[in-house]
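Novice: Before I ask anything, let me first share the structure, which is written out below as structure tokens.
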Amino acid sequence: AHSGEVGVFVRIRPTANFADDLIELNICHKRDSRKSHDSKKSQLSCWSFRLEGVLQDVSQEEFYARVCRRVVLGALDGYNGTVMCFGQTGAGKTYTITGSTESYKQRGIIPRALQEVFQEVEKRTEHAFSVYLSYLEIYNETLVDLLSPRRCSPHPSPHSMVVMEEPGRGVFIRGLSLHLVHSEEEALNLLFEGEMNRIIGSHALNRNSSRSHCIFTVHIESRSRTLSDAKYITSKLNLVDLAGSERLGKTGSEGQMLKEAVYINKSLSFLEQAILALADRRRDHVPFRQSKLTHALKDSLGGNCNTVLVANIYGEAAQIEETLSTLRFASRMRCVRTDPAVNEHMDP
Ligand code: ADP
């Protein structure tokens with residue numbers, strides 16, 4: 001029942017007034033007719049994309065319920081899960097993943113997922129759960145621990161963290177701090193701390209926080225209270241705010257900005273390559289190690305995992321070029337099949 005394709009959804013920032021079709025998104029805009037000599041006629045351009053759903057004018061609560069709840073509940077049952085937001089800067093990725101601090105109603109996916117995780121842990125009394133959090137930032141292929149006090153140093157050592165793989169344990173990041181949390185409140189405090197570190201760090205390093213990928217991970221471990229066997233289940237729920245996908249060259253970037261853009265373009269294109277390779281069942285090699293992002297998400301992208309990609313787009317026609325590039329990326333991701341399986345382990 002869990003098997004399927006990567007769920008690809010589009011969320012349109014308010015201000016949009018395009019037709020909304022739940023299966024096929026049609027985006028239309030009028031080409032600026034002043035450029036042509038015939039000023040009376042305006043040309044209409046249309047593009048079609050096949051996607052799971054288009055969410056326009058939906059509240060944070062409804063967005064969570066329609067797109068994320070299934071992935072979060074799956075993680076409690078032992079299935080890895082990933083929700084990724086993709087799109088150009090300003091299109092609403094951070095609003096979707098973490099939400100706005102302005103009001104409780106505008107909480108994003110992470111606080112809602114944490115609430116649900118702890119509600120379920122209370123309900124599922126037949127299991128003993130342990131919940132750990134980690135918060136990783138990837139900037140220019142450098143790994144940064146957003147929940148480590150060392151992180152506030154303006155010169156984080158690039159060699160202190162490494163993406164590792166071990167049989168039985170899967171992929172993990174050596175050196176990334178894991179924090180055991182017992183309640184929603186404790187978890188929210190850590191999230192807040194991580195957000196502050198993200199802001200402080202980006203100021204200290206004089207860079208824009210939209211230029212990095214952030215992976216908030218809820219690590220869940222559960223053990224039956226009734227069956228006293230050595231089996232236990234682990235899963236990871238990754239909530240990912242990807243760096244802004246806008247392309248190079250519009251504003252003639254140079255120096256640091258150019259370097260950042262090159263890193264982002266490379267890692268997003270590696271992400272796409274990895275997902276496409278996952279989709280192609282004849283290929284036995286998927287190039288996960290090409291970038292830190294794909295390597296860190298190796299066991300949480302396709303295969304043993306529930307994966308959701310959210311393409312965040314602007315509603316305005318002025319942004320159509322970036323929007324099309326976001327939607328093309330999103331529709332290519334739809335071909336990936338996932339076959340989630342519970343991660344069962346035995347005590348040694
Ligand atoms: P990104 O992370 O993609 O750069 P943000 O999430 O920071 O973009 O969004 C840019 C601005 O638009 C923020 O002020 C945010 O609060 C607002 N915004 C984005 N999406 C929505 C939405 N669905 N509803 C209300 N405000 C939104």
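Letters for chains follow the order of the structure tokens (A, B, ...), residue numbers begin at 1 for each chain, and ligand numbers begin at 1 in the order shown.
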Output as a tab-separated table one row per residue of chain A within 8 Å of ligand 1: the closest atom pair and its distance in Å to one decimal place, counting only C-alpha atoms and all ligand atoms, sorted by chain and residue number ascending.

Specialist:
residue	atom	partner	partner_atom_place_in_ligand_line	distance
A:Arg11	CA	ligand 1	23 (N)	7.3
A:Ile12	CA	ligand 1	23 (N)	6.8
A:Arg13	CA	ligand 1	23 (N)	4.7
A:Pro14	CA	ligand 1	24 (N)	5.8
A:Gln56	CA	ligand 1	23 (N)	7.8
A:Asp57	CA	ligand 1	23 (N)	6.9
A:Val58	CA	ligand 1	23 (N)	7.3
A:Ser59	CA	ligand 1	23 (N)	7.4
A:Gln60	CA	ligand 1	23 (N)	7.6
A:Phe86	CA	ligand 1	3 (O)	7.6
A:Gly87	CA	ligand 1	3 (O)	6.2
A:Gln88	CA	ligand 1	3 (O)	5.9
A:Thr89	CA	ligand 1	4 (O)	3.6
A:Gly90	CA	ligand 1	8 (O)	3.4
A:Ala91	CA	ligand 1	3 (O)	4.0
A:Gly92	CA	ligand 1	6 (O)	3.3
A:Lys93	CA	ligand 1	3 (O)	3.7
A:Thr94	CA	ligand 1	6 (O)	3.6
A:Tyr95	CA	ligand 1	6 (O)	3.6
A:Thr96	CA	ligand 1	6 (O)	6.3
A:Ile97	CA	ligand 1	6 (O)	8.0
A:Gly99	CA	ligand 1	6 (O)	7.2
A:Ser100	CA	ligand 1	16 (O)	5.7
A:Ser210	CA	ligand 1	4 (O)	5.9
A:Asp241	CA	ligand 1	2 (O)	7.4
A:Gly244	CA	ligand 1	4 (O)	6.4
A:Asn312	CA	ligand 1	3 (O)	6.8

Novice: With C-alpha atoms retained, could you export that selection as a compact mmCIF listing (two decimals), in the first residue's frame?

Specialist:
# COMPACT_ATOMS: atom_id res chain seq x y z
CA ARG A 11 2.46 25.20 -3.97
CA ILE A 12 1.72 28.58 -5.43
CA ARG A 13 2.45 31.65 -3.38
CA PRO A 14 -0.62 33.80 -2.86
CA GLN A 56 -3.14 27.21 -4.05
CA ASP A 57 -4.61 29.30 -1.25
CA VAL A 58 -4.39 26.42 1.19
CA SER A 59 -3.68 27.02 4.86
CA GLN A 60 -0.59 25.58 6.51
CA PHE A 86 12.37 23.24 -4.04
CA GLY A 87 12.12 26.52 -5.95
CA GLN A 88 13.53 29.96 -6.47
CA THR A 89 14.29 32.26 -3.53
CA GLY A 90 11.18 33.95 -2.18
CA ALA A 91 8.77 31.35 -3.56
CA GLY A 92 7.83 30.05 -0.09
CA LYS A 93 10.16 27.13 0.76
CA THR A 94 10.99 28.29 4.27
CA TYR A 95 7.37 29.32 4.83
CA THR A 96 6.35 25.79 3.89
CA ILE A 97 9.01 23.90 5.87
CA GLY A 99 6.55 28.51 8.64
CA SER A 100 6.19 32.02 9.83
CA SER A 210 18.78 31.07 1.14
CA ASP A 241 14.65 23.30 2.74
CA GLY A 244 17.14 28.77 -3.97
CA ASN A 312 7.27 26.26 -4.54

Novice: Taking the DSSP secondary structure from the backbone, can you list the residues of segment 64-196 of chain A that are strand (DSSP E), as a VMD selection string?

Specialist: chain A and resid 80 to 86 127 to 139 142 to 145 162 to 166 170 to 174 179 to 181

Novice: Suppose we keep C-alpha atoms; can you now write the selection as a PDB file, in the first residue's frame?

Specialist:
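This is the output file again34.pdb:
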ATOM      1  CA  ASN A  80      12.055   6.568   6.169  1.00  0.00           C
ATOM      2  CA  GLY A  81      10.475   9.733   4.859  1.00  0.00           C
ATOM      3  CA  THR A  82      11.585  12.893   3.124  1.00  0.00           C
ATOM      4  CA  VAL A  83       9.734  16.104   2.372  1.00  0.00           C
ATOM      5  CA  MET A  84      11.758  18.529   0.243  1.00  0.00           C
ATOM      6  CA  CYS A  85      10.910  22.052  -0.792  1.00  0.00           C
ATOM      7  CA  PHE A  86      12.371  23.236  -4.045  1.00  0.00           C
ATOM      8  CA  HIS A 127       5.727   0.725  21.865  1.00  0.00           C
ATOM      9  CA  ALA A 128       8.564   2.544  23.582  1.00  0.00           C
ATOM     10  CA  PHE A 129       9.830   5.345  21.363  1.00  0.00           C
ATOM     11  CA  SER A 130      13.046   7.355  21.418  1.00  0.00           C
ATOM     12  CA  VAL A 131      13.118  10.536  19.340  1.00  0.00           C
ATOM     13  CA  TYR A 132      16.337  12.318  18.390  1.00  0.00           C
ATOM     14  CA  LEU A 133      16.774  15.476  16.347  1.00  0.00           C
ATOM     15  CA  SER A 134      19.564  16.744  14.148  1.00  0.00           C
ATOM     16  CA  TYR A 135      19.789  19.839  11.994  1.00  0.00           C
ATOM     17  CA  LEU A 136      22.318  19.948   9.193  1.00  0.00           C
ATOM     18  CA  GLU A 137      23.153  22.810   6.873  1.00  0.00           C
ATOM     19  CA  ILE A 138      25.071  22.286   3.641  1.00  0.00           C
ATOM     20  CA  TYR A 139      26.730  25.407   2.321  1.00  0.00           C
ATOM     21  CA  THR A 142      30.547  22.227   3.656  1.00  0.00           C
ATOM     22  CA  LEU A 143      28.555  20.500   6.404  1.00  0.00           C
ATOM     23  CA  VAL A 144      27.475  22.667   9.317  1.00  0.00           C
ATOM     24  CA  ASP A 145      25.783  21.415  12.515  1.00  0.00           C
ATOM     25  CA  VAL A 162      31.680  13.258   7.205  1.00  0.00           C
ATOM     26  CA  VAL A 163      28.827  11.411   5.502  1.00  0.00           C
ATOM     27  CA  MET A 164      29.312   7.730   6.357  1.00  0.00           C
ATOM     28  CA  GLU A 165      27.640   4.451   5.537  1.00  0.00           C
ATOM     29  CA  GLU A 166      27.703   1.320   7.630  1.00  0.00           C
ATOM     30  CA  GLY A 170      22.684   2.985   6.800  1.00  0.00           C
ATOM     31  CA  VAL A 171      23.776   6.519   6.069  1.00  0.00           C
ATOM     32  CA  PHE A 172      24.728   8.847   8.894  1.00  0.00           C
ATOM     33  CA  ILE A 173      26.851  11.913   9.409  1.00  0.00           C
ATOM     34  CA  ARG A 174      29.809  11.415  11.663  1.00  0.00           C
ATOM     35  CA  HIS A 179      19.642  15.359  20.532  1.00  0.00           C
ATOM     36  CA  LEU A 180      17.308  13.138  22.497  1.00  0.00           C
ATOM     37  CA  VAL A 181      13.987  14.932  23.025  1.00  0.00           C
TER      38      VAL A 181
END

Novice: Which residues of segment 66-91 of chain A sit at most 8 Å from segment 106-119 of chain A, using only C-alpha atoms? Give each one's shortest atom pair and distance in Å (one decimal place), in chain and ascending residue order, as a tab-separated table.

Specialist:
residue	atom	partner	partner_atom	distance
A:Cys68	CA	A:Ile109	CA	7.4
A:Arg69	CA	A:Ala113	CA	7.5
A:Val72	CA	A:Ala113	CA	6.4
A:Leu73	CA	A:Val117	CA	7.7
A:Leu76	CA	A:Val117	CA	7.2

Novice: Using only C-alpha atoms, which of the listed residues (A:Tyr314, A:Asp229, A:Glu321, A:Arg328) sits closest to Thr15 of chain A?

Specialist: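 Using only C-alpha atoms, the shortest distance to Thr15 of chain A belongs to A:Tyr314.
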
Novice: Between atom CA of Val67 of chain A and atom CA of Glu344 of chain A, measure the distance and give it in Å to one decimal.

Specialist: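 Atom-to-atom, atom CA of Val67 of chain A and atom CA of Glu344 of chain A are spaced 25.9 Å apart.
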
Novice: For Ser209 of chain A, which of A:Ser48, A:Ser331, A:Asn197, A:Gln273 is the closest residue, counting only C-alpha atoms?

Specialist: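 The shortest atom-to-atom distance to Ser209 of chain A comes from A:Asn197.
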
Novice: Closest to Gly168 of chain A among A:Ile233, A:Leu242, A:Val121, A:Ile215, using only C-alpha atoms?

Specialist: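 Nearest to Gly168 of chain A: A:Ile233.
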